[in-house]
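Q: Here you go, this is start33.txt (compact mmCIF, C-alpha atoms).
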```txt
# COMPACT_ATOMS: atom_id res chain seq x y z
CA MET A 502 -1.31 -9.54 -64.62
CA ASP A 503 -0.62 -5.82 -63.90
CA ASP A 504 -4.25 -4.94 -63.13
CA VAL A 505 -5.50 -5.31 -59.56
CA MET A 506 -8.74 -7.30 -59.56
CA LEU A 507 -9.45 -6.96 -55.84
CA SER A 508 -8.08 -4.43 -53.38
CA VAL A 509 -8.93 -4.59 -49.67
CA GLN A 510 -7.80 -1.44 -47.89
CA ASP A 511 -7.55 -0.90 -44.09
CA LEU A 512 -10.57 -3.17 -43.59
CA HIS A 513 -12.11 -3.28 -40.11
CA VAL A 514 -15.11 -5.59 -39.67
CA GLU A 515 -17.49 -6.24 -36.79
CA VAL A 516 -19.81 -9.19 -36.22
CA GLY A 517 -22.44 -8.74 -33.52
CA GLY A 518 -20.70 -5.60 -32.29
CA VAL A 519 -17.32 -7.33 -31.86
CA GLU A 520 -14.46 -6.36 -34.15
CA ILE A 521 -13.08 -9.45 -35.92
CA LEU A 522 -10.85 -7.94 -38.62
CA HIS A 523 -8.36 -5.23 -37.66
CA GLY A 524 -7.05 -3.29 -40.64
CA ILE A 525 -6.67 -5.80 -43.50
CA ASP A 526 -4.73 -4.73 -46.59
CA LEU A 527 -4.78 -7.19 -49.49
CA ASP A 528 -4.35 -6.94 -53.27
CA ILE A 529 -5.01 -9.73 -55.76
CA ARG A 530 -4.20 -9.12 -59.40
CA SER A 531 -6.07 -10.22 -62.49
CA GLY A 532 -5.27 -13.84 -63.26
CA GLU A 533 -3.69 -14.41 -59.83
CA THR A 534 -4.54 -17.16 -57.34
CA ALA A 535 -3.83 -16.53 -53.66
CA THR A 536 -4.19 -18.70 -50.57
CA LEU A 537 -5.10 -17.72 -47.03
CA PHE A 538 -3.81 -19.69 -44.05
CA GLY A 539 -4.58 -19.28 -40.37
CA PRO A 540 -5.71 -21.13 -37.25
CA ASN A 541 -9.38 -21.70 -36.52
CA GLY A 542 -11.17 -18.55 -35.41
CA SER A 543 -8.58 -16.20 -36.89
CA GLY A 544 -11.06 -14.38 -39.16
CA LYS A 545 -10.44 -16.07 -42.52
CA THR A 546 -14.08 -16.86 -43.29
CA THR A 547 -15.08 -13.41 -42.01
CA LEU A 548 -12.82 -11.85 -44.63
CA LEU A 549 -14.36 -13.89 -47.46
CA MET A 550 -17.92 -13.23 -46.32
CA THR A 551 -17.16 -9.50 -46.07
CA ILE A 552 -15.63 -9.41 -49.55
CA MET A 553 -18.76 -11.15 -50.86
CA GLY A 554 -21.00 -8.65 -49.06
CA PHE A 555 -23.00 -10.67 -46.53
CA PRO A 556 -24.85 -8.19 -44.30
CA LYS A 557 -23.92 -9.85 -40.98
CA TYR A 558 -20.34 -8.64 -41.52
CA VAL A 559 -20.30 -4.90 -40.86
CA VAL A 560 -17.48 -2.78 -42.30
CA THR A 561 -16.66 -0.05 -39.80
CA ARG A 562 -13.61 1.30 -41.60
CA GLY A 563 -11.80 0.72 -44.88
CA SER A 564 -13.02 -0.49 -48.26
CA VAL A 565 -13.35 -3.34 -50.72
CA VAL A 566 -12.57 -2.33 -54.31
CA PHE A 567 -13.42 -4.77 -57.10
CA LYS A 568 -12.35 -4.16 -60.69
CA GLY A 569 -11.70 -0.51 -59.82
CA GLN A 570 -15.10 0.10 -58.20
CA ASP A 571 -15.73 0.55 -54.48
CA VAL A 572 -18.22 -2.22 -53.64
CA THR A 573 -18.11 -1.85 -49.84
CA THR A 574 -21.80 -0.96 -49.60
CA LEU A 575 -23.08 -3.20 -52.42
CA SER A 576 -25.25 -6.25 -51.74
CA VAL A 577 -24.30 -9.88 -52.38
CA ASP A 578 -26.34 -10.09 -55.58
CA GLU A 579 -24.86 -6.84 -56.91
CA ARG A 580 -21.34 -8.17 -56.37
CA ALA A 581 -22.30 -11.48 -57.97
CA ARG A 582 -23.58 -9.67 -61.06
CA MET A 583 -20.25 -7.79 -61.22
CA GLY A 584 -18.39 -11.09 -61.34
CA MET A 585 -17.80 -12.38 -57.80
CA GLY A 586 -18.54 -15.97 -56.83
CA MET A 587 -18.12 -17.99 -53.64
CA SER A 588 -17.96 -21.59 -52.48
CA PHE A 589 -18.75 -22.20 -48.82
CA GLN A 590 -16.93 -24.39 -46.33
CA ARG A 591 -20.28 -25.93 -45.41
CA PRO A 592 -22.51 -25.60 -48.48
CA PRO A 593 -26.20 -25.18 -47.65
CA VAL A 594 -28.88 -27.72 -48.56
CA VAL A 595 -31.60 -26.22 -50.76
CA ARG A 596 -34.74 -28.33 -50.53
CA GLY A 597 -37.22 -28.01 -53.39
CA VAL A 598 -34.62 -26.82 -55.93
CA LYS A 599 -33.16 -29.37 -58.32
CA THR A 600 -29.45 -29.27 -59.03
CA TYR A 601 -30.24 -29.04 -62.76
CA ASP A 602 -32.32 -25.88 -62.21
CA MET A 603 -29.64 -24.32 -60.01
CA VAL A 604 -26.96 -24.88 -62.65
CA ALA A 605 -29.27 -23.51 -65.34
CA ALA A 606 -29.92 -20.39 -63.22
CA CYS A 607 -26.18 -19.89 -62.66
CA LEU A 608 -25.54 -19.93 -66.42
CA ARG A 609 -27.63 -16.74 -66.77
CA ARG A 610 -28.24 -17.47 -70.44
CA GLU A 611 -30.14 -19.85 -72.68
CA SER A 612 -28.65 -23.32 -72.46
CA SER A 613 -29.52 -26.79 -73.64
CA ALA A 614 -30.10 -29.81 -71.42
CA GLU A 615 -27.19 -31.47 -73.19
CA GLU A 616 -24.82 -28.63 -72.25
CA ILE A 617 -25.83 -28.79 -68.58
CA ARG A 618 -25.50 -32.58 -68.49
CA ASP A 619 -22.05 -32.37 -70.10
CA MET A 620 -20.96 -29.87 -67.42
CA ALA A 621 -22.35 -32.11 -64.68
CA ALA A 622 -20.64 -35.16 -66.15
CA ALA A 623 -17.28 -33.36 -66.04
CA ALA A 624 -17.86 -32.87 -62.30
CA GLY A 625 -19.02 -36.46 -61.81
CA LEU A 626 -22.53 -35.23 -60.99
CA GLU A 627 -24.63 -36.24 -64.00
CA ASP A 628 -26.72 -38.58 -61.82
CA PHE A 629 -27.34 -35.81 -59.28
CA LEU A 630 -29.09 -33.29 -61.51
CA ASP A 631 -32.58 -34.44 -60.56
CA ARG A 632 -31.83 -34.32 -56.83
CA ASP A 633 -32.39 -31.34 -54.52
CA VAL A 634 -29.28 -29.16 -54.20
CA ASN A 635 -26.84 -30.84 -51.77
CA TYR A 636 -29.59 -32.91 -50.13
CA GLY A 637 -28.07 -36.21 -49.04
CA PHE A 638 -24.78 -35.38 -50.76
CA SER A 639 -21.47 -36.48 -49.25
CA GLY A 640 -18.84 -33.87 -48.40
CA GLY A 641 -17.05 -34.39 -51.70
CA GLU A 642 -20.29 -34.33 -53.68
CA MET A 643 -21.30 -31.05 -52.03
CA LYS A 644 -17.97 -29.43 -52.91
CA ARG A 645 -18.19 -30.65 -56.51
CA SER A 646 -21.77 -29.38 -56.70
CA GLU A 647 -20.68 -25.93 -55.50
CA LEU A 648 -17.86 -25.83 -58.05
CA LEU A 649 -20.20 -26.96 -60.82
CA GLN A 650 -22.45 -24.00 -60.01
CA LEU A 651 -19.46 -21.64 -60.01
CA ILE A 652 -18.23 -22.97 -63.35
CA ALA A 653 -21.70 -22.29 -64.73
CA GLN A 654 -21.68 -18.79 -63.21
CA SER A 655 -18.20 -18.13 -64.67
CA PRO A 656 -17.19 -15.38 -62.21
CA ASP A 657 -14.13 -13.17 -62.66
CA PHE A 658 -13.17 -13.52 -59.00
CA VAL A 659 -13.67 -16.69 -56.93
CA LEU A 660 -13.68 -17.03 -53.15
CA LEU A 661 -13.21 -20.64 -51.97
CA ASP A 662 -13.57 -21.44 -48.27
CA GLU A 663 -11.64 -24.64 -47.49
CA PRO A 664 -12.56 -26.56 -50.67
CA GLU A 665 -10.80 -29.68 -49.32
CA SER A 666 -12.69 -29.70 -46.00
CA GLY A 667 -14.65 -32.94 -45.48
CA VAL A 668 -13.41 -34.35 -48.79
CA ASP A 669 -11.61 -37.69 -49.15
CA LEU A 670 -8.32 -37.98 -51.02
CA VAL A 671 -9.92 -39.12 -54.29
CA ASN A 672 -12.39 -36.26 -54.28
CA VAL A 673 -9.69 -33.72 -53.39
CA ALA A 674 -8.05 -34.49 -56.75
CA VAL A 675 -11.38 -34.02 -58.55
CA VAL A 676 -12.05 -30.80 -56.64
CA GLY A 677 -8.59 -29.60 -57.63
CA GLU A 678 -9.30 -30.30 -61.30
CA LEU A 679 -12.54 -28.32 -61.12
CA ILE A 680 -10.82 -25.38 -59.39
CA ASN A 681 -8.13 -25.39 -62.08
CA LYS A 682 -10.84 -25.26 -64.75
CA LEU A 683 -12.60 -22.46 -62.91
CA LEU A 684 -9.38 -20.44 -62.59
CA GLN A 685 -8.24 -21.04 -66.18
CA LYS A 686 -5.08 -22.91 -65.18
CA ASP A 687 -5.01 -24.44 -68.67
CA VAL A 688 -4.46 -20.95 -70.11
CA ARG A 689 -1.11 -19.11 -70.16
CA ILE A 690 -0.69 -16.81 -67.15
CA ARG A 691 -0.71 -13.60 -69.18
CA GLU A 692 -4.00 -14.61 -70.83
CA ARG A 693 -5.90 -15.52 -67.65
CA SER A 694 -8.68 -13.17 -66.64
CA ARG A 695 -9.95 -14.92 -63.48
CA SER A 696 -8.56 -14.56 -59.99
CA GLY A 697 -9.13 -16.46 -56.78
CA LEU A 698 -8.63 -16.42 -53.02
CA ILE A 699 -8.60 -19.86 -51.40
CA ILE A 700 -8.77 -20.54 -47.67
CA THR A 701 -6.92 -23.75 -46.88
CA HIS A 702 -6.48 -25.27 -43.44
CA THR A 703 -4.62 -28.44 -44.39
CA GLY A 704 -2.87 -27.22 -47.54
CA GLN A 705 -4.05 -30.31 -49.45
CA VAL A 706 -5.52 -28.18 -52.21
CA LEU A 707 -2.00 -26.95 -53.05
CA ASP A 708 -1.14 -30.46 -54.22
CA HIS A 709 -3.55 -29.88 -57.11
CA VAL A 710 -3.93 -26.11 -57.55
CA ASN A 711 -0.97 -23.79 -58.11
CA ALA A 712 -1.15 -20.51 -56.18
CA ARG A 713 1.30 -17.63 -56.62
CA ILE A 714 1.08 -16.02 -53.19
CA GLY A 715 0.03 -16.98 -49.69
CA PHE A 716 -1.17 -14.90 -46.74
CA VAL A 717 -1.38 -15.80 -43.06
CA MET A 718 -4.13 -14.43 -40.82
CA ILE A 719 -3.88 -14.53 -37.03
CA ASP A 720 -6.30 -12.82 -34.64
CA GLY A 721 -7.89 -10.80 -37.42
CA LYS A 722 -4.65 -9.46 -38.87
CA LEU A 723 -2.51 -10.48 -41.83
CA THR A 724 0.86 -11.31 -40.30
CA CYS A 725 2.90 -12.23 -43.38
CA LYS A 726 2.80 -13.15 -47.06
CA GLY A 727 5.03 -15.14 -49.38
CA ASP A 728 5.32 -18.35 -51.34
CA PRO A 729 2.37 -20.52 -50.24
CA HIS A 730 4.37 -23.76 -50.25
CA GLU A 731 7.08 -22.21 -48.07
CA ILE A 732 4.46 -20.82 -45.70
CA LEU A 733 2.77 -24.23 -45.46
CA ALA A 734 6.11 -25.95 -44.78
CA THR A 735 6.84 -23.46 -41.98
CA ILE A 736 3.41 -24.00 -40.44
CA LYS A 737 3.85 -27.79 -40.54
CA GLU A 738 7.29 -27.56 -38.97
CA SER A 739 6.86 -24.79 -36.41
CA GLY A 740 3.14 -24.08 -36.20
CA TYR A 741 1.62 -20.62 -36.40
CA GLU A 742 3.92 -19.37 -33.64
CA GLU A 743 6.56 -18.69 -36.28
CA CYS A 744 4.04 -16.62 -38.26
CA CYS A 745 3.28 -14.66 -35.11
CA ARG A 746 6.98 -13.87 -34.72
CA CYS A 747 7.06 -12.59 -38.32
CA ALA A 748 4.51 -9.97 -37.35
CA MET A 749 6.49 -8.71 -34.36
```
Would you give me this structure, written as structure tokens?
A:
Amino acid sequence: MDDVMLSVQDLHVEVGGVEILHGIDLDIRSGETATLFGPNGSGKTTLLMTIMGFPKYVVTRGSVVFKGQDVTTLSVDERARMGMGMSFQRPPVVRGVKTYDMVAACLRRESSAEEIRDMAAAAGLEDFLDRDVNYGFSGGEMKRSELLQLIAQSPDFVLLDEPESGVDLVNVAVVGELINKLLQKDVRIRERSRSGLIITHTGQVLDHVNARIGFVMIDGKLTCKGDPHEILATIKESGYEECCRCAM
């Protein structure tokens, strides 16, 4: 738990020539799960997409350091090979690619059909393996499909963009179970090697996934950090105005 897995330092990011992030500093340690709160349009998804390396998000100042290496200029696939993985708020539909083949590709090793079907069954997706990725899936099925692919990929660091968005209450519990598996929540804290950063708008995911620290982003800046449950309670009671006052 003493090693920093991800370090974001004085990060300034532009999209289409407009600066969205204004000097973000953020450390997440090995084995640590963090949450990111903030109103719509505050820059939360921009931060995740920048960490993952999508080219639309241009770093004008600062750096992203992953496992001790500066990855600011590396591509998405290079970061993925180093051990980053991401689940999107609105997962894309991939026509012409079967879910089975996508999971097999994410495993990056020889695997049996039985192994893949067992993984899919644990996510409640065994009957979806012969269907195109996310095509015709419900919101909950899409999120479970994304998490199944991440579990197969087995990344060291996971970025989750509103995993509870568009998911009914039953599926939120299943999504929580899959996130816990992905983040090794069944392993003692000192023995965990995977870390995660989870954007949550409603906080529902915290009913199922334990996070150690929470951050609040407003207008492209991190305004405060602390216990995620306390932050969520403050937001529910007083809105983000209280978080704005913390930054003053």
Q: For Ile525 in chain A, find every residue with an atom within 10 Å (counting only C-alpha atoms), except residues of its own chain fewer than 4 positions away, and show them as a PyMOL selection string.
A: chain A and resi 509-514+548+563-564+718+721-724
Q: Please return the centre and edge lengths, in Å to one decimal, of a box with edges along x, y and z that contains all listed atoms of range 638-654 of chain A, widened by 3 Å on every side, as JSON.
A:
```
{"center_x": -20.9, "center_y": -27.6, "center_z": -56.6, "size_x": 13.7, "size_y": 23.7, "size_z": 22.3}
```
Q: For Asp669 in chain A, find every residue with an atom within 12 Å (counting all atoms listed in the file), except residues of its own chain fewer than 6 positions away, and show them as a list in words.
A: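 Close residues of Asp669 in chain A: Ser639, Gly640, Gly641, Glu642, Lys644, Val675, Val676, Gln705 and Val706 of chain A.
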Q: Near Arg582 in chain A, counting all atoms listed in the file, which residues have an atom at most 12 Å away, once you skip same-chain residues fewer than 2 positions from it, shown as a PyMOL selection string?
A: chain A and resi 553+567+572+575-580+584-586+607-609+654-658
Q: Please compute the CA of Pro729 in chain A-CA of Glu663 in chain A distance, one decimal, in Å.
A: 14.9 Å
Q: By how many Å are CA of Asp628 in chain A and CA of Leu660 in chain A apart?
A: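 Distance reported for this atom pair: 26.6 Å.
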Q: With only C-alpha atoms counted, which protein, DNA or RNA residues have an atom no more than 12 Å from (-5.6, -5.2, -58.1) in the file frame? Please answer as number ranges by chain.
A: A: 502-510, 526-533, 565-570, 658, 695-697
Q: Find the distance between CA of Pro593 in chain A and CA of Ala614 in chain A and write it in Å to one decimal.
A: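 Going from CA of Pro593 in chain A over to CA of Ala614 in chain A, I get 24.5 Å.
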Q: Pick from A:Thr546, A:Thr735, A:Gln685, A:Ser694: nearest to Asn711 in chain A, with all atoms listed in the file counted?
A: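 Among the listed residues, A:Gln685 lies closest to Asn711 in chain A.
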Q: Within 10 Å of (3.0, -15.4, -56.3), all atoms listed in the file: residues as a list of chain:residue names?
A: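 Checking each residue against the 10 Å limit leaves A:Ile529, A:Glu533, A:Thr534, A:Ala535, A:Thr536, A:Asn711, A:Ala712, A:Arg713, A:Ile714, A:Gly715, A:Lys726, A:Gly727, A:Asp728, A:Pro729.
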Q: Need to verify the contact set: Gln650 in chain A, 8 Å, all atoms listed in the file, exclusion of same-chain residues closer than 3 positions in sequence. Can you return it as a PyMOL selection string?
A: chain A and resi 603-604+607+646-647+653-654
Q: Go ahead and save the picked residues with C-alpha atoms, as an mmCIF file, keeping the file's coordinate frame.
A:
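result.cif was written with the following content:
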```cif
data_model
loop_
_atom_site.group_PDB
_atom_site.id
_atom_site.type_symbol
_atom_site.label_atom_id
_atom_site.label_comp_id
_atom_site.auth_asym_id
_atom_site.auth_seq_id
_atom_site.Cartn_x
_atom_site.Cartn_y
_atom_site.Cartn_z
ATOM 1 C CA MET A 603 -29.640 -24.320 -60.010
ATOM 2 C CA VAL A 604 -26.960 -24.880 -62.650
ATOM 3 C CA CYS A 607 -26.180 -19.890 -62.660
ATOM 4 C CA SER A 646 -21.770 -29.380 -56.700
ATOM 5 C CA GLU A 647 -20.680 -25.930 -55.500
ATOM 6 C CA ALA A 653 -21.700 -22.290 -64.730
ATOM 7 C CA GLN A 654 -21.680 -18.790 -63.210
#
```
Q: Here is a test: counting only C-alpha atoms, which residue of A:Tyr741, A:Tyr636, A:Arg591, A:Leu649 is nearest to Asp619 in chain A?
A: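 The answer is A:Leu649, which sits nearest to Asp619 in chain A.
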